[in-house]
$ cat query-v1.csv   # CSV, C-alpha atoms
chain,number,residue,atom,x,y,z
H,140,MET,CA,14.8,-18.4,57.3
H,141,LYS,CA,15.9,-22.0,57.0
H,142,ILE,CA,13.3,-24.8,56.5
H,143,ALA,CA,13.5,-28.5,56.4
H,144,VAL,CA,10.8,-30.8,55.0
H,145,MET,CA,10.7,-34.1,56.8
H,146,GLY,CA,8.8,-36.4,54.4
H,147,THR,CA,8.6,-35.2,50.8
H,148,GLY,CA,5.3,-36.8,49.9
H,149,GLY,CA,2.2,-35.1,48.6
H,150,VAL,CA,1.9,-32.7,51.5
H,151,GLY,CA,5.6,-32.0,52.2
H,152,GLY,CA,6.5,-31.9,48.5
H,153,TYR,CA,3.7,-29.5,47.6
H,154,PHE,CA,4.0,-26.9,50.4
H,155,GLY,CA,7.8,-27.2,50.5
H,156,GLY,CA,7.9,-26.8,46.8
H,157,ARG,CA,5.9,-23.6,46.9
H,158,LEU,CA,8.3,-22.2,49.6
H,159,ALA,CA,11.4,-23.2,47.6
H,160,ALA,CA,9.9,-21.7,44.4
H,161,ALA,CA,9.6,-18.4,46.4
H,162,ASN,CA,13.3,-18.5,47.1
H,163,PHE,CA,13.1,-19.7,50.7
H,164,ASP,CA,16.0,-21.9,51.9
H,165,VAL,CA,14.3,-25.3,51.9
H,166,THR,CA,15.9,-28.7,52.1
H,167,PHE,CA,13.8,-31.8,51.4
H,168,ILE,CA,14.3,-35.0,53.3
H,169,ALA,CA,13.4,-38.1,51.2
H,170,ARG,CA,14.7,-41.5,50.4
H,171,GLY,CA,15.2,-44.2,47.8
H,172,GLU,CA,14.3,-43.6,44.1
H,173,HIS,CA,12.3,-40.5,45.0
H,174,LEU,CA,15.4,-38.9,46.5
H,175,ALA,CA,17.6,-40.0,43.6
H,176,ALA,CA,15.2,-38.5,41.1
H,177,ILE,CA,14.9,-35.2,43.0
H,178,CYS,CA,18.7,-34.8,43.2
H,179,ARG,CA,19.0,-35.7,39.5
H,180,ASP,CA,16.0,-33.9,37.9
H,181,GLY,CA,14.7,-31.5,40.6
H,182,LEU,CA,11.3,-31.6,42.2
H,183,LYS,CA,8.3,-31.1,40.0
H,184,VAL,CA,4.8,-30.1,41.2
H,185,GLU,CA,1.8,-30.5,38.9
H,186,SER,CA,-1.1,-28.4,40.0
H,187,GLU,CA,-4.0,-26.4,38.8
H,188,ASN,CA,-2.6,-23.7,41.0
H,189,GLY,CA,0.4,-23.6,38.8
H,190,ASP,CA,3.1,-26.1,38.0
H,191,LEU,CA,6.6,-25.8,39.6
H,192,HIS,CA,10.0,-27.2,38.8
H,193,ILE,CA,12.6,-26.6,41.5
H,194,TYR,CA,16.0,-27.3,40.0
H,195,PRO,CA,18.4,-27.8,41.5
H,196,THR,CA,16.7,-29.0,44.6
H,197,LYS,CA,18.4,-29.3,48.0
H,198,ALA,CA,17.6,-32.8,49.2
H,199,THR,CA,19.1,-35.5,51.4
H,200,ASP,CA,18.2,-38.7,53.4
H,201,VAL,CA,20.4,-37.7,56.3
H,202,PRO,CA,18.8,-34.9,58.4
H,203,ALA,CA,22.1,-34.4,60.3
H,204,ASN,CA,23.7,-33.1,57.2
H,205,ILE,CA,21.4,-30.1,57.1
H,206,GLY,CA,22.2,-28.7,60.5
H,207,PRO,CA,19.9,-26.6,62.7
H,208,VAL,CA,16.9,-25.0,61.0
H,209,ASP,CA,14.2,-22.5,62.0
H,210,TYR,CA,11.3,-24.7,61.0
H,211,VAL,CA,10.6,-28.3,60.2
H,212,LEU,CA,7.5,-29.2,58.2
H,213,PHE,CA,6.9,-32.7,59.5
H,214,ALA,CA,4.8,-34.7,57.0
H,215,VAL,CA,5.7,-38.4,57.3
H,216,LYS,CA,3.2,-41.2,57.5
H,217,LEU,CA,1.9,-41.8,61.0
H,218,TRP,CA,3.7,-45.1,61.5
H,219,ASP,CA,7.0,-43.3,60.9
H,220,THR,CA,6.4,-40.6,63.5
H,221,ALA,CA,8.7,-41.8,66.3
H,222,ALA,CA,11.6,-42.8,64.0
H,223,ALA,CA,11.4,-39.6,62.0
H,224,ALA,CA,11.2,-37.5,65.2
H,225,HIS,CA,14.4,-39.1,66.5
H,226,ALA,CA,16.1,-38.6,63.1
H,227,ILE,CA,15.4,-34.8,63.0
H,228,GLY,CA,17.0,-34.2,66.4
H,229,PRO,CA,20.1,-32.5,64.8
H,230,LEU,CA,17.8,-30.0,63.1
H,231,VAL,CA,16.3,-28.8,66.3
H,232,ALA,CA,18.0,-25.8,68.0
H,233,ALA,CA,16.7,-23.6,70.8
H,234,GLN,CA,14.0,-21.8,68.8
H,235,THR,CA,13.2,-24.4,66.2
H,236,ALA,CA,9.6,-25.1,65.6
H,237,VAL,CA,8.5,-28.5,64.3
H,238,ILE,CA,5.0,-28.3,62.6
H,239,SER,CA,3.2,-31.5,62.2
H,240,LEU,CA,1.1,-31.7,59.0
H,241,GLN,CA,0.1,-35.3,59.5
H,242,ASN,CA,-3.2,-37.0,59.7
H,243,GLY,CA,-4.7,-38.3,63.0
H,244,VAL,CA,-4.9,-36.6,66.3
H,245,GLU,CA,-2.1,-38.1,68.3
H,246,ALA,CA,1.1,-37.1,66.5
H,247,GLU,CA,1.7,-33.9,68.4
H,248,ASN,CA,1.8,-35.7,71.7
H,249,GLN,CA,4.2,-38.2,70.3
H,250,LEU,CA,6.5,-35.5,68.9
H,251,SER,CA,6.4,-33.6,72.2
H,252,GLU,CA,7.5,-36.7,74.1
H,253,ILE,CA,10.6,-37.0,71.8
H,254,LEU,CA,11.5,-33.4,71.0
H,255,GLY,CA,10.0,-31.4,73.9
H,256,ARG,CA,6.6,-29.7,73.8
H,257,ALA,CA,8.2,-26.3,73.3
H,258,HIS,CA,9.4,-27.3,69.9
H,259,VAL,CA,6.2,-28.6,68.6
H,260,MET,CA,3.4,-26.8,66.8
H,261,GLY,CA,0.2,-28.4,65.6
H,262,GLY,CA,-1.1,-28.1,62.0
H,263,ILE,CA,-3.4,-29.4,59.3
H,264,ALA,CA,-3.0,-29.6,55.6
H,265,GLN,CA,-6.1,-29.5,53.4
H,266,ILE,CA,-4.9,-30.9,50.1
H,267,ALA,CA,-5.2,-33.9,47.9
H,268,ALA,CA,-1.7,-34.6,46.6
H,269,VAL,CA,0.5,-37.7,46.0
H,270,ILE,CA,3.8,-38.8,44.6
H,271,ALA,CA,2.8,-39.5,41.0
H,272,ALA,CA,6.3,-40.7,40.1
H,273,PRO,CA,9.7,-40.2,41.6
H,274,ALA,CA,10.3,-36.5,42.0
H,275,ILE,CA,6.8,-35.6,40.8
H,276,ILE,CA,4.1,-34.4,43.1
H,277,ARG,CA,0.6,-34.3,41.6
H,278,HIS,CA,-2.1,-32.1,43.2
H,279,THR,CA,-5.8,-32.8,42.5
H,280,GLY,CA,-8.1,-29.8,42.5
H,281,THR,CA,-7.2,-26.3,43.8
H,282,MET,CA,-7.6,-26.7,47.5
H,283,ALA,CA,-4.2,-26.3,49.2
H,284,ASN,CA,-4.6,-24.8,52.7
H,285,LEU,CA,-2.6,-24.8,55.9
H,286,VAL,CA,-3.7,-24.0,59.4
H,287,PHE,CA,-1.2,-24.2,62.2
H,288,GLY,CA,-0.6,-22.9,65.7
H,289,GLU,CA,1.1,-23.2,69.0
H,290,LEU,CA,-0.1,-26.0,71.2
H,291,SER,CA,-0.6,-23.5,74.0
H,292,GLY,CA,-2.9,-21.4,71.9
H,293,GLU,CA,-0.7,-18.3,72.0
H,294,ARG,CA,0.0,-16.3,68.9
H,295,SER,CA,3.8,-16.4,68.8
H,296,GLN,CA,6.3,-14.5,66.8
H,297,ARG,CA,7.7,-17.7,65.2
H,298,GLY,CA,4.1,-18.5,64.1
H,299,GLU,CA,3.7,-15.0,62.6
H,300,ASN,CA,7.0,-15.3,60.8
H,301,LEU,CA,6.0,-18.6,59.3
H,302,LEU,CA,2.6,-17.3,58.3
H,303,THR,CA,4.2,-14.5,56.4
H,304,ALA,CA,6.5,-17.0,54.6
H,305,PHE,CA,3.6,-19.2,53.6
H,306,ARG,CA,1.6,-16.2,52.3
H,307,THR,CA,4.7,-14.8,50.5
H,308,ALA,CA,4.9,-18.2,48.7
H,309,GLY,CA,1.3,-17.9,47.6
H,310,ILE,CA,0.0,-20.5,50.1
H,311,TYR,CA,-3.3,-19.9,51.8
H,312,ALA,CA,-2.4,-20.3,55.5
H,313,ASP,CA,-3.8,-19.2,58.8
H,314,LEU,CA,-2.9,-19.3,62.5
H,315,SER,CA,-5.3,-21.0,64.9
H,316,ASN,CA,-5.6,-20.1,68.6
H,317,ASP,CA,-7.1,-23.6,69.3
H,318,ILE,CA,-5.1,-25.9,67.1
H,319,GLU,CA,-6.2,-29.0,69.0
H,320,LYS,CA,-9.9,-28.3,68.0
H,321,THR,CA,-8.8,-27.5,64.4
H,322,ILE,CA,-7.0,-30.9,64.2
H,323,TRP,CA,-10.0,-32.7,65.5
H,324,GLN,CA,-12.2,-30.9,63.0
H,325,LYS,CA,-10.1,-32.2,60.2
H,326,PHE,CA,-10.0,-35.6,61.8
H,327,VAL,CA,-13.8,-35.8,61.6
H,328,PHE,CA,-13.7,-35.1,57.9
H,329,LEU,CA,-10.6,-37.2,57.2
H,330,VAL,CA,-11.7,-40.4,59.0
H,331,SER,CA,-15.0,-40.4,57.0
H,332,PHE,CA,-13.5,-39.4,53.7
H,333,SER,CA,-10.7,-42.0,53.9
H,334,ALA,CA,-13.0,-44.7,55.2
H,335,LEU,CA,-15.6,-44.4,52.5
H,336,THR,CA,-13.3,-43.8,49.5
H,337,SER,CA,-11.2,-46.8,50.6
H,338,VAL,CA,-13.9,-49.3,51.5
H,339,THR,CA,-15.9,-48.5,48.3
H,340,ARG,CA,-12.8,-48.1,46.1
H,341,HIS,CA,-14.4,-45.0,44.6
H,342,SER,CA,-13.7,-41.3,44.6
H,343,ILE,CA,-15.9,-39.0,46.6
H,344,GLY,CA,-18.4,-38.2,43.8
H,345,PRO,CA,-20.0,-41.7,43.6
H,346,VAL,CA,-19.8,-42.0,47.4
H,347,ARG,CA,-21.8,-38.9,48.1
H,348,GLU,CA,-24.3,-39.7,45.4
H,349,ASP,CA,-25.1,-43.2,46.6
H,350,PRO,CA,-27.7,-43.0,49.5
H,351,HIS,CA,-26.3,-46.0,51.4
H,352,ALA,CA,-22.7,-44.9,51.1
H,353,ARG,CA,-23.7,-41.4,52.1
H,354,GLU,CA,-25.5,-42.7,55.1
H,355,LEU,CA,-22.4,-44.6,56.2
H,356,LEU,CA,-20.2,-41.5,55.6
H,357,VAL,CA,-22.5,-39.6,58.0
H,358,LEU,CA,-22.5,-42.3,60.6
H,359,VAL,CA,-18.7,-42.5,60.6
H,360,MET,CA,-18.6,-38.7,61.2
H,361,LYS,CA,-21.1,-38.8,63.9
H,362,GLU,CA,-19.2,-41.4,65.8
H,363,THR,CA,-16.0,-39.4,65.5
H,364,VAL,CA,-17.7,-36.3,66.8
H,365,ALA,CA,-19.0,-38.3,69.8
H,366,VAL,CA,-15.5,-39.5,70.6
H,367,ALA,CA,-14.2,-35.9,70.3
H,368,GLN,CA,-16.9,-34.7,72.6
H,369,ALA,CA,-16.1,-37.4,75.1
H,370,LYS,CA,-12.5,-36.2,75.1
H,371,GLY,CA,-13.6,-32.6,75.9
H,372,ILE,CA,-13.2,-31.2,72.4
H,373,ASP,CA,-15.6,-28.3,71.7
H,374,ILE,CA,-17.3,-29.7,68.6
H,375,ASP,CA,-21.1,-29.8,68.4
H,376,ASP,CA,-23.4,-32.2,66.6
H,377,ALA,CA,-24.1,-29.6,63.8
H,378,PHE,CA,-20.5,-29.9,62.7
H,379,VAL,CA,-21.4,-33.1,60.8
H,380,ASP,CA,-23.8,-31.1,58.6
H,381,GLU,CA,-21.1,-28.5,58.0
H,382,ARG,CA,-18.6,-31.2,56.9
H,383,LEU,CA,-21.2,-32.8,54.7
H,384,ALA,CA,-21.8,-29.5,53.0
H,385,LEU,CA,-18.0,-29.2,52.3
H,386,ILE,CA,-18.0,-32.7,50.9
H,387,ASN,CA,-20.7,-31.8,48.5
H,388,THR,CA,-18.4,-29.1,47.0
H,389,LEU,CA,-15.4,-31.3,46.4
H,390,PRO,CA,-14.3,-32.4,42.9
H,391,ALA,CA,-16.1,-35.6,42.1
H,392,ASN,CA,-12.7,-37.3,41.2
H,393,MET,CA,-11.1,-36.4,44.6
H,394,THR,CA,-10.0,-39.3,46.6
H,395,SER,CA,-8.0,-40.0,49.8
H,396,SER,CA,-4.4,-40.8,50.2
H,397,MET,CA,-5.5,-44.0,52.0
H,398,GLN,CA,-7.5,-45.2,49.0
H,399,GLN,CA,-4.5,-44.5,46.7
H,400,ASP,CA,-2.2,-46.4,49.2
H,401,LEU,CA,-4.7,-49.3,49.1
H,402,GLN,CA,-4.8,-49.4,45.3
H,403,ARG,CA,-1.0,-49.4,45.2
H,404,GLY,CA,-0.7,-52.1,47.9
H,405,ASN,CA,1.0,-49.7,50.3
H,406,ARG,CA,0.7,-49.7,54.1
H,407,LEU,CA,-2.4,-47.8,55.3
H,408,GLU,CA,-2.9,-45.3,58.1
H,409,LEU,CA,-6.0,-47.2,59.2
H,410,ASP,CA,-4.8,-47.7,62.8
H,411,TRP,CA,-4.6,-44.0,63.3
H,412,LEU,CA,-7.9,-43.1,61.6
H,413,SER,CA,-11.0,-45.4,61.9
H,414,GLY,CA,-8.8,-47.7,64.1
H,415,ALA,CA,-8.1,-44.8,66.5
H,416,VAL,CA,-11.8,-43.9,66.7
H,417,VAL,CA,-12.6,-47.4,67.7
H,418,ARG,CA,-9.7,-47.6,70.2
H,419,MET,CA,-10.6,-44.2,71.8
H,420,GLY,CA,-14.2,-45.1,71.8
H,421,GLN,CA,-13.6,-48.2,73.7
H,422,GLU,CA,-11.5,-46.3,76.2
H,423,LEU,CA,-14.2,-43.6,76.6
H,424,GLY,CA,-17.3,-45.8,76.5
H,425,VAL,CA,-18.5,-44.5,73.2
H,426,ASP,CA,-19.9,-47.1,70.8
H,427,THR,CA,-18.4,-46.8,67.2
H,428,PRO,CA,-20.0,-49.6,65.1
H,429,ALA,CA,-19.6,-47.8,61.8
H,430,ASN,CA,-15.9,-47.2,62.3
H,431,ARG,CA,-15.5,-50.8,63.6
H,432,PHE,CA,-17.0,-52.0,60.3
H,433,ILE,CA,-14.5,-49.9,58.3
H,434,TYR,CA,-11.6,-51.1,60.4
H,435,THR,CA,-12.7,-54.7,60.0
H,436,ALA,CA,-13.2,-54.4,56.3
H,437,LEU,CA,-9.8,-52.9,55.6
H,438,LYS,CA,-7.5,-54.3,58.3
H,439,LEU,CA,-6.4,-57.3,56.3
H,440,SER,CA,-4.8,-54.9,53.9
H,441,LYS,CA,-3.5,-52.3,56.4
H,442,ASP,CA,0.1,-53.6,56.5
H,443,GLY,CA,0.5,-53.7,52.7
H,444,PRO,CA,1.9,-56.8,50.8
H,445,ASP,CA,2.4,-59.9,52.9

$ encode --input "query-v1.csv" --output "structure tokens"
Amino acid sequence: MKIAVMGTGGVGGYFGGRLAAANFDVTFIARGEHLAAICRDGLKVESENGDLHIYPTKATDVPANIGPVDYVLFAVKLWDTAAAAHAIGPLVAAQTAVISLQNGVEAENQLSEILGRAHVMGGIAQIAAVIAAPAIIRHTGTMANLVFGELSGERSQRGENLLTAFRTAGIYADLSNDIEKTIWQKFVFLVSFSALTSVTRHSIGPVREDPHARELLVLVMKETVAVAQAKGIDIDDAFVDERLALINTLPANMTSSMQQDLQRGNRLELDWLSGAVVRMGQELGVDTPANRFIYTALKLSKDGPD
């Protein structure tokens, strides 16, 4: 089994690292100082689930140098989706599956337009992990779950094979027969989590304990559920309470990648999170004032440094 990881950030670095440590043939696609450090020092993963040091590490910034693979774990930032999809063309053979582990709810359609729908599988990663320094991935907490599946809903052999690989590597993973719904369920959580941690500049602990911040968190989720329902996604109103119960169990110091990008002055995925809720709401006639507030409060920072 040959695997490429397109985007060796927190998500790609962690899960690709686990696969590589289990002796799967994994090549990481990265760039700049991060790539140079990986090639020189190997890839390190710091995690309560067990630290890793993959050395030597197979890594490149030219996907064409890898050749066709069986699977691509696609984990780039959302604004890089189109460019990265075109770049991995040489990796895609007749049976290659490209599994999006990105945020948002629109990446799968974009990948399908570029690579062909038959090559694309949907997925979600439930993890808090970042690049702490070049060649070092830092994972907060112990949650590190993957759910993925065919866009058609079928349970395919390639899906089963990848599920076995993940579990062999000690990764909790599951196959979904309705990955679109699964992606939207994560989206409801992620939009609110990223919105409140970013706009308050605090981790989830203080956010959920403050009554006003908690109320805004709930409003953002309710609006996102309303947009999902307007798009025909089978998510009921009670799902907000389920997500809130999950949020109550998260480590108090857990924060979002968007808040960390904001603190570091990096570009934000805002346009594909609260911004997408506002845009889709306008298209569907669903009012989204809470998400509009989040978007307005953060949009001057969304493109990073001037």

$ closest_residue --input "query-v1.csv" --among "H:Ile142, H:Leu439, H:Met260, H:Val286" --to "Gly404 in chain H" --atoms "all atoms listed in the file"
H:Leu439

$ atom_distance --input "query-v1.csv" --atom1 "CA of Val215 in chain H" --atom2 "CA of Ser315 in chain H"
21.9 Å

$ residues_around --input "query-v1.csv" --residues "Lys370 in chain H" --least-positions-apart "3" --cutoff "9 Å" --atoms "only C-alpha atoms" --output "CSV table (one decimal) with C-alpha atoms, keeping the file's coordinate frame"
chain,number,residue,atom,x,y,z
H,365,ALA,CA,-19.0,-38.3,69.8
H,366,VAL,CA,-15.5,-39.5,70.6
H,367,ALA,CA,-14.2,-35.9,70.3
H,419,MET,CA,-10.6,-44.2,71.8
H,423,LEU,CA,-14.2,-43.6,76.6

$ residues_around --input "query-v1.csv" --residues "Gly288 in chain H" --least-positions-apart "4" --cutoff "9 Å" --atoms "all atoms listed in the file" --output "list in words"
Ile238, Met260, Gly261, Gly262, Gly292, Glu293, Arg294, Ser295, Gly298, Asp313, Leu314, Ser315, Asn316, Asp317, Ile318 and Glu319 of chain H

$ write_last_selection --input "query-v1.csv" --atoms "C-alpha atoms" --output "CSV table (one decimal), in the coordinates of the input"
chain,number,residue,atom,x,y,z
H,238,ILE,CA,5.0,-28.3,62.6
H,260,MET,CA,3.4,-26.8,66.8
H,261,GLY,CA,0.2,-28.4,65.6
H,262,GLY,CA,-1.1,-28.1,62.0
H,292,GLY,CA,-2.9,-21.4,71.9
H,293,GLU,CA,-0.7,-18.3,72.0
H,294,ARG,CA,0.0,-16.3,68.9
H,295,SER,CA,3.8,-16.4,68.8
H,298,GLY,CA,4.1,-18.5,64.1
H,313,ASP,CA,-3.8,-19.2,58.8
H,314,LEU,CA,-2.9,-19.3,62.5
H,315,SER,CA,-5.3,-21.0,64.9
H,316,ASN,CA,-5.6,-20.1,68.6
H,317,ASP,CA,-7.1,-23.6,69.3
H,318,ILE,CA,-5.1,-25.9,67.1
H,319,GLU,CA,-6.2,-29.0,69.0

$ residues_near_point --input "query-v1.csv" --point "(-12.3, -36.4, 39.2)" --cutoff "9 Å" --atoms "all atoms listed in the file" --output "PyMOL selection string"
chain H and resi 279-280+342-344+390-394

$ atom_distance --input "query-v1.csv" --atom1 "CA of Gly420 in chain H" --atom2 "CA of Gln368 in chain H"
10.8 Å
